[in-house]
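Engineer: Quick one: the structure is below, questions incoming.
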Amino acid sequence: QVQLVESGGGLVQPGGSLRLSCAASRSIFSFSTMGWYRQAPGKERELVASITYGDSPVYADSVKGRFTMSRDSAKNMLYLQMNSLKPEDTAVYFCNARFATSTYWGQGTQVTVSS
């Protein structure tokens, strides 16, 4: 069974930064796609950033230029560097991985942007 464990969330002031981490229980190159989603209260889960094997990362318009996704294959880690955070970025952030017809989710980490 694949496990994805997120960490790094917390409370930050507007304009601040956070780095989220996602630890995978197996090689991240075994997944065809990995990414980050978020879900704010009362809203649907939405894509933040994703990367498909062999392609460049794609980002939601709302985070372009502020968020950067990266990977460390040696550690089986996926990261999301979030800069210039805004109150509207407040949400639970989930790590996602896909292989063939299987989709895996982490438990989520809360990010709250507030003064």
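Chain labels A, B, ... are given in the sequence in which chains occur in the structure tokens; within each chain residues are numbered consecutively from 1, and ligands are likewise numbered from 1 in the order shown.
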Within 10 Å of A:Leu78, counting only C-alpha atoms, which residues show up once you throw out same-chain ones fewer than 6 positions away? Write them as a list in words, please.
Structural biologist: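 Answer for this query is Leu4, Glu6, Leu20, Ser21, Cys22, Ala23, Ala24, Ile28, Met34, Gly35, Trp36, Met69, Ser70, Arg71, Asp72, Cys95 and Asn96 of chain A.
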Engineer: Restricting the calculation to only C-alpha atoms: of A:Arg19, A:Arg38, A:Lys64, A:Lys86, which residue gets closest to A:Gly106?
Structural biologist: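 Comparing A:Arg19, A:Arg38, A:Lys64, A:Lys86 against A:Gly106, the winner is A:Arg38.
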Engineer: Given only C-alpha atoms as the basis, pick out the residue of A:Thr112, A:Gln3, A:Leu18, A:Arg45 nearest to A:Glu88.
Structural biologist: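 The shortest atom-to-atom distance to A:Glu88 comes from A:Thr112.
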Engineer: What does the structure give for the distance between atom CA of A:Ala100 and atom CA of A:Phe31, in Å to one decimal?
Structural biologist: 8.3 Å
Engineer: For A:Thr52, list every protein, DNA or RNA residue within 7 Å, evaluated using only C-alpha atoms, and leave out those in the same chain fewer than 3 positions away; present the list as a list in words.
Structural biologist: Ser32, Thr33, Met34 and Asp55 of chain A
Engineer: I want to know what sits within 9 Å of A:Tyr37, based on only C-alpha atoms, with residues of the same chain fewer than 4 positions away left out; could you give that as a PDB file with N, CA, C and O atoms, in the first residue's frame?
Structural biologist:
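Output below, filename out.pdb:
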```pdb
ATOM      1  N   ARG A  45     -12.070  20.470  -3.772  1.00  0.00           N
ATOM      2  CA  ARG A  45     -10.624  20.296  -3.861  1.00  0.00           C
ATOM      3  C   ARG A  45     -10.163  20.741  -5.247  1.00  0.00           C
ATOM      4  O   ARG A  45     -10.780  20.430  -6.258  1.00  0.00           O
ATOM      5  N   GLU A  46      -9.053  21.487  -5.267  1.00  0.00           N
ATOM      6  CA  GLU A  46      -8.561  22.004  -6.533  1.00  0.00           C
ATOM      7  C   GLU A  46      -7.081  21.711  -6.700  1.00  0.00           C
ATOM      8  O   GLU A  46      -6.331  21.628  -5.726  1.00  0.00           O
ATOM      9  N   LEU A  47      -6.680  21.616  -7.963  1.00  0.00           N
ATOM     10  CA  LEU A  47      -5.283  21.387  -8.283  1.00  0.00           C
ATOM     11  C   LEU A  47      -4.459  22.636  -8.010  1.00  0.00           C
ATOM     12  O   LEU A  47      -4.852  23.742  -8.389  1.00  0.00           O
ATOM     13  N   VAL A  48      -3.328  22.447  -7.350  1.00  0.00           N
ATOM     14  CA  VAL A  48      -2.380  23.543  -7.131  1.00  0.00           C
ATOM     15  C   VAL A  48      -1.221  23.423  -8.107  1.00  0.00           C
ATOM     16  O   VAL A  48      -0.859  24.385  -8.790  1.00  0.00           O
ATOM     17  N   ALA A  49      -0.624  22.242  -8.172  1.00  0.00           N
ATOM     18  CA  ALA A  49       0.520  22.003  -9.056  1.00  0.00           C
ATOM     19  C   ALA A  49       0.637  20.512  -9.297  1.00  0.00           C
ATOM     20  O   ALA A  49       0.316  19.713  -8.419  1.00  0.00           O
ATOM     21  N   SER A  50       1.103  20.157 -10.477  1.00  0.00           N
ATOM     22  CA  SER A  50       1.302  18.735 -10.770  1.00  0.00           C
ATOM     23  C   SER A  50       2.429  18.573 -11.767  1.00  0.00           C
ATOM     24  O   SER A  50       2.780  19.509 -12.495  1.00  0.00           O
ATOM     25  N   VAL A  92      -6.568  23.128   3.372  1.00  0.00           N
ATOM     26  CA  VAL A  92      -5.831  21.899   3.650  1.00  0.00           C
ATOM     27  C   VAL A  92      -5.173  21.478   2.345  1.00  0.00           C
ATOM     28  O   VAL A  92      -5.843  21.398   1.303  1.00  0.00           O
ATOM     29  N   TYR A  93      -3.884  21.234   2.405  1.00  0.00           N
ATOM     30  CA  TYR A  93      -3.118  20.878   1.223  1.00  0.00           C
ATOM     31  C   TYR A  93      -2.837  19.373   1.231  1.00  0.00           C
ATOM     32  O   TYR A  93      -2.390  18.823   2.252  1.00  0.00           O
ATOM     33  N   PHE A  94      -3.102  18.745   0.093  1.00  0.00           N
ATOM     34  CA  PHE A  94      -2.958  17.302  -0.032  1.00  0.00           C
ATOM     35  C   PHE A  94      -1.921  16.946  -1.094  1.00  0.00           C
ATOM     36  O   PHE A  94      -1.900  17.538  -2.178  1.00  0.00           O
ATOM     37  N   CYS A  95      -1.123  15.956  -0.785  1.00  0.00           N
ATOM     38  CA  CYS A  95      -0.214  15.370  -1.758  1.00  0.00           C
ATOM     39  C   CYS A  95      -0.972  14.284  -2.525  1.00  0.00           C
ATOM     40  O   CYS A  95      -1.782  13.547  -1.938  1.00  0.00           O
ATOM     41  N   ASN A  96      -0.701  14.193  -3.815  1.00  0.00           N
ATOM     42  CA  ASN A  96      -1.405  13.245  -4.674  1.00  0.00           C
ATOM     43  C   ASN A  96      -0.410  12.514  -5.574  1.00  0.00           C
ATOM     44  O   ASN A  96       0.546  13.131  -6.055  1.00  0.00           O
TER      45      ASN A  96
END
```
Engineer: Mind giving me the straight-line distance from atom CA of A:Val12 to atom CA of A:Leu85 in Å, one decimal?
Structural biologist: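 Going from atom CA of A:Val12 over to atom CA of A:Leu85 covers 8.0 Å.
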Engineer: Check the smallest atom-to-atom distance from each of A:Leu11, A:Met82, A:Val2, A:Val58 to A:Ser115 using only C-alpha atoms, then report the winner.
Structural biologist: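 Of A:Leu11, A:Met82, A:Val2, A:Val58, the one nearest A:Ser115, counting only C-alpha atoms, is A:Leu11.
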Engineer: So, counting only C-alpha atoms, which residue among A:Gln1, A:Asn83, A:Ser30, A:Ser7 is closest to A:Phe99?
Structural biologist: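 Residue with the minimum atom-to-atom distance to A:Phe99: A:Ser30.
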Engineer: Can you list every residue in stretch 13-87 of chain A that DSSP puts in strand (DSSP E), as a PyMOL selection string?
Structural biologist: chain A and resi 18-24+33-39+46-52+58-59+67-72+77-82
Engineer: To one decimal place, how far is atom CA of A:Ser62 from atom CA of A:Gly8 in Å?
Structural biologist: 20.6 Å
Engineer: With DSSP run on the backbone, what are the helix (DSSP H, G or I) residues within chain A? I'd like them as a list in words.
Structural biologist: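 Of chain A, only Ile28, Phe29, Ser30, Pro87, Glu88 and Asp89 of chain A fall in helix (DSSP H, G or I).
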Engineer: Please provide as a compact mmCIF listing (two decimals) with N, CA and C atoms, in the first residue's frame all residues within 6 Å of A:Gly9, with the sequence filter that same-chain residues fewer than 5 positions apart are discarded (counting only C-alpha atoms).
Structural biologist:
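What follows is the written file around.txt:
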```txt
# COMPACT_ATOMS: atom_id res chain seq x y z
N THR A 109 -2.34 18.63 5.13
CA THR A 109 -1.71 19.50 6.12
C THR A 109 -2.35 20.89 5.99
N GLN A 110 -2.70 21.46 7.14
CA GLN A 110 -3.42 22.73 7.16
C GLN A 110 -2.46 23.90 6.96
N VAL A 111 -2.83 24.78 6.06
CA VAL A 111 -2.12 26.04 5.86
C VAL A 111 -3.11 27.17 6.13
```
